[in-house]
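Coordinates from run-v9.txt are shown below (compact mmCIF, C-alpha atoms).
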# COMPACT_ATOMS: atom_id res chain seq x y z
CA SER C 1 -16.11 -4.69 14.70
CA ILE C 2 -16.24 -5.59 11.02
CA GLY C 3 -15.85 -9.06 9.49
CA GLY C 4 -16.91 -11.08 6.47
CA ALA C 5 -16.28 -10.19 2.84
CA PHE C 6 -17.27 -7.81 0.07
CA ARG C 7 -17.12 -7.75 -3.72
CA LEU C 8 -16.36 -5.05 -6.28
CA GLU C 9 -17.79 -4.83 -9.78
CA PHE C 10 -16.65 -2.93 -12.85
CA ASP C 11 -19.25 -2.34 -15.55
CA THR C 12 -18.25 -1.61 -19.16
CA THR C 13 -21.49 -2.76 -20.78
CA THR C 14 -22.25 0.74 -22.09
CA CYS C 15 -18.70 1.48 -23.21
CA TRP C 16 -18.88 1.89 -26.97
CA ASP C 17 -15.12 1.52 -27.64
CA CYS C 18 -13.99 -0.93 -24.93
CA ALA C 19 -12.25 -4.09 -26.09
CA VAL C 20 -14.05 -6.06 -23.35
CA LYS C 21 -17.64 -5.12 -22.58
CA GLY C 22 -19.48 -6.55 -19.62
CA LEU C 23 -20.24 -6.43 -15.94
CA TYR C 24 -17.53 -8.30 -14.05
CA THR C 25 -17.33 -8.91 -10.31
CA THR C 26 -14.38 -9.87 -8.13
CA ASN C 27 -14.31 -12.98 -6.01
CA ALA C 28 -15.24 -12.46 -2.36
CA LEU C 29 -12.70 -10.09 -0.80
CA ALA C 30 -11.92 -10.36 2.92
CA TYR C 31 -12.92 -7.26 4.92
CA ASN C 32 -9.21 -6.69 5.67
CA ILE C 33 -7.72 -7.60 2.28
CA VAL C 34 -4.19 -6.28 1.82
CA ALA C 35 -3.44 -3.89 -1.03
CA ASP C 36 -1.46 -6.38 -3.15
CA ASP C 37 -4.24 -8.97 -2.98
CA LEU C 38 -6.91 -6.41 -3.91
CA LYS C 39 -4.74 -5.30 -6.84
CA THR C 40 -4.48 -8.92 -8.03
CA GLN C 41 -8.24 -9.48 -7.75
CA LEU C 42 -9.08 -6.29 -9.66
CA GLU C 43 -6.59 -7.09 -12.41
CA LEU C 44 -8.27 -10.50 -12.87
CA LEU C 45 -11.36 -8.69 -14.17
CA PRO C 46 -11.20 -9.02 -17.98
CA ASN C 47 -12.44 -5.45 -18.56
CA LEU C 48 -9.84 -3.79 -16.35
CA GLY C 49 -6.09 -3.43 -16.79
CA GLU C 50 -3.28 -2.52 -14.41
CA VAL C 51 -4.15 -0.66 -11.22
CA ALA C 52 -2.24 0.43 -8.13
CA VAL C 53 -3.80 -0.10 -4.71
CA SER C 54 -2.96 1.24 -1.27
CA ARG C 55 -4.69 0.47 2.02
CA THR C 56 -5.06 2.62 5.13
CA VAL C 57 -5.98 1.31 8.56
CA GLU C 58 -8.76 3.59 9.76
CA ASP C 59 -9.35 2.05 13.21
CA VAL C 60 -7.35 -0.92 14.55
CA ASP C 61 -9.85 -1.76 17.31
CA GLU C 62 -12.85 -1.65 14.98
CA ARG C 63 -10.88 -3.39 12.19
CA THR C 64 -11.79 -0.77 9.58
CA TYR C 65 -9.80 0.03 6.44
CA SER C 66 -9.97 2.19 3.35
CA TRP C 67 -8.40 1.51 -0.03
CA THR C 68 -7.29 3.80 -2.84
CA VAL C 69 -7.39 2.30 -6.33
CA THR C 70 -5.39 4.20 -8.93
CA PHE C 71 -6.22 3.49 -12.54
CA THR C 72 -3.00 3.60 -14.55
CA PRO C 73 -3.12 5.00 -18.10
CA ASP C 74 -3.35 1.41 -19.39
CA ALA C 75 -6.10 0.30 -16.96
CA PHE C 76 -8.95 1.66 -19.02
CA THR C 77 -8.16 2.78 -22.56
CA SER C 78 -11.45 4.25 -23.70
CA ALA C 79 -12.83 7.64 -24.59
CA THR C 80 -15.85 6.69 -22.46
CA PRO C 81 -15.73 8.16 -18.92
CA LEU C 82 -14.16 5.80 -16.41
CA PRO C 83 -16.83 3.61 -14.81
CA THR C 84 -17.10 3.57 -11.02
CA LEU C 85 -16.13 0.54 -8.98
CA VAL C 86 -19.39 -0.58 -7.36
CA LYS C 87 -19.29 -2.29 -3.99
CA ASP C 88 -21.40 -5.19 -2.75
CA VAL C 89 -21.24 -5.33 1.06
CA ALA C 90 -24.01 -7.90 1.62
CA SER C 91 -21.55 -10.44 3.10
CA LEU C 92 -19.91 -8.02 5.54
CA THR C 93 -20.76 -8.47 9.22
CA GLY C 94 -20.82 -6.04 12.13
CA ASP C 95 -22.59 -2.81 12.98
CA SER C 96 -23.31 -0.84 9.79
CA PRO C 97 -20.53 -2.47 7.75
CA ASP C 98 -19.39 -0.59 4.67
CA VAL C 99 -16.44 -0.36 2.28
CA THR C 100 -14.59 2.81 1.32
CA ILE C 101 -12.88 2.72 -2.06
CA THR C 102 -11.41 5.93 -3.46
CA ALA C 103 -10.67 5.88 -7.17
CA SER C 104 -7.96 7.93 -8.80
CA THR C 105 -6.50 8.10 -12.28
CA THR C 106 -2.93 8.56 -13.44
CA ILE C 107 -2.42 10.68 -16.54
CA ARG C 108 0.71 10.77 -18.69
CA THR C 109 2.02 13.91 -20.30
CA SER C 110 4.83 14.64 -22.72
CA GLU C 111 5.95 17.63 -20.64
CA ASP C 112 7.57 17.63 -17.19
CA LEU C 113 4.92 19.23 -15.01
CA THR C 114 6.63 18.74 -11.64
CA GLN C 115 8.02 22.28 -11.80
CA SER C 116 4.52 23.77 -11.88
CA VAL C 117 2.22 21.13 -10.32
CA GLU C 118 2.41 19.80 -6.77
CA ARG C 119 0.50 17.16 -4.80
CA GLY C 120 -2.79 18.63 -3.64
CA ASP C 121 -3.06 21.06 -6.57
CA GLN C 122 -6.32 21.01 -8.49
CA LEU C 123 -6.46 20.62 -12.26
CA ARG C 124 -9.50 21.34 -14.41
CA ILE C 125 -9.86 18.97 -17.37
CA ASN C 126 -12.91 19.69 -19.50
CA SER C 127 -15.71 20.15 -16.96
CA GLU C 128 -14.18 18.06 -14.16
CA THR C 129 -11.87 19.17 -11.35
CA PHE C 130 -9.19 16.72 -10.20
CA THR C 131 -6.81 16.93 -7.28
CA VAL C 132 -3.22 15.75 -7.77
CA SER C 133 -3.13 12.81 -5.38
CA SER C 134 -1.35 13.18 -2.08
CA ASP C 135 -1.09 9.42 -1.62
CA GLY C 136 2.64 8.66 -1.42
CA ALA C 137 2.08 5.20 -2.90
CA ASN C 138 1.28 6.65 -6.33
CA VAL C 139 3.87 7.67 -8.89
CA PHE C 140 4.35 11.41 -9.22
CA ASP C 141 7.12 12.36 -11.60
CA GLY C 142 7.70 14.44 -14.67
CA THR C 143 5.27 12.59 -16.92
CA GLU C 144 2.82 10.78 -14.60
CA LEU C 145 0.33 12.59 -12.37
CA PRO C 146 -1.97 10.64 -10.04
CA LEU C 147 -5.38 12.35 -9.98
CA ALA C 148 -8.05 11.74 -7.34
CA ASP C 149 -11.54 10.93 -8.56
CA PRO C 150 -13.39 14.17 -9.42
CA SER C 151 -16.10 13.35 -6.88
CA ASP C 152 -13.41 13.51 -4.16
CA SER C 153 -12.26 16.99 -5.23
CA ALA C 154 -13.67 20.27 -4.06
CA ALA C 155 -14.80 22.35 -7.04
Entire entry expressed as structure tokens:
Amino acid sequence: SIGGAFRLEFDTTTCWDCAVKGLYTTNALAYNIVADDLKTQLELLPNLGEVAVSRTVEDVDERTYSWTVTFTPDAFTSATPLPTLVKDVASLTGDSPDVTITASTTIRTSEDLTQSVERGDQLRINSETFTVSSDGANVFDGTELPLADPSDSAA
């Protein structure tokens, strides 16, 4: 089973229009950190704003979890593509320990899209394909659409 801790880093050093540029790393995060605590730790990073976090128990016996981090429209206000959260698992213990973090982004629109867009639908924005998140923890209403990271979407 898994134990120990991991860290996440968010790098905006190459962001030309970010208010805060730099590579910032969270404190050590327990292998089983709850969603609210992960949210707090991520929001302490000076180059990242508000996020939403949910956690799923993958295997109770093996003590494995996955987290979904949703970047709100105010989390990263740059024209630069959203940087990836990078994981450091060097302090995790167990057989082949790893961390699964899925990133998603919430977009805001001026039109109510709920009549024509449903969870699971795919949207093409520029050259990237996004899936409207099916995670019930994320807001999905007339003007906010949670989008899964393009790398998690089938093209």
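Atom CA of Pro97 of chain C sits 24.0 Å away from atom CA of Leu23 of chain C.
The residue that comes closest to Thr14 of chain C, out of C:Ser78, C:Thr56, C:Asn27, C:Ser91 and on the basis of only C-alpha atoms, is C:Ser78.
Minimum atom-to-atom distance to Thr26 of chain C, evaluated using only C-alpha atoms, belongs to C:Leu85 out of C:Leu92, C:Ile2, C:Leu85, C:Val53.
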Q.
Could you tell me how far atom CA of Arg7 of chain C sits from atom CA of Phe76 of chain C, in Å to one decimal place?
A. 19.7 Å
Q: Identify, on the basis of all atoms listed in the file, every residue whose closest approach to segment 43-52 of chain C does not exceed 8 Å; exclude the query and any residue fewer than 4 positions from it along the same chain; express the result as a VMD selection string.
A: chain C and resid 10 12 18 to 22 24 to 26 39 69 to 72 74 to 76 138
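Among the candidates C:Asp36, C:Gly94, C:Asp11, C:Arg63, the residue lying nearest to Leu82 of chain C is C:Asp11 (atoms considered: only C-alpha atoms).
Relative to atom CA of Ala35 of chain C, atom CA of Ser96 of chain C is found at 22.8 Å.
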Enclose the full set of atoms of segment 31-47 of chain C listed in the file within a box whose edges lie along x, y and z, apply 4 Å of padding to each of the six sides, and report centre and edge lengths in Å to one decimal as lines of an AutoDock Vina configuration file.
center_x = -7.2
center_y = -7.2
center_z = -6.4
size_x = 19.5
size_y = 14.6
size_z = 32.2
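Using all atoms listed in the file for every distance, the candidate list C:Asp98, C:Asp17, C:Asp61, C:Glu9 yields C:Asp17 as the residue closest to Ala79 of chain C.
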Q: Go through C:Glu58, C:Ala103, C:Ala30, C:Asp95 one by one, measure the shortest atom-to-atom distance of each to Pro83 of chain C using all atoms listed in the file, and give the residue with the smallest value.
A: C:Ala103
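For Trp67 of chain C, the list of residues within 7 Å, based on only C-alpha atoms and with local chain neighbours fewer than 4 positions off taken out, reads Val53, Ser54, Arg55, Thr56, Thr100, Ile101 and Thr102 of chain C.
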Q: Would you please work out which residue, of C:Ser1, C:Asp88, C:Pro81, C:Leu42, is nearest to Thr64 of chain C when using only C-alpha atoms?
A: C:Ser1
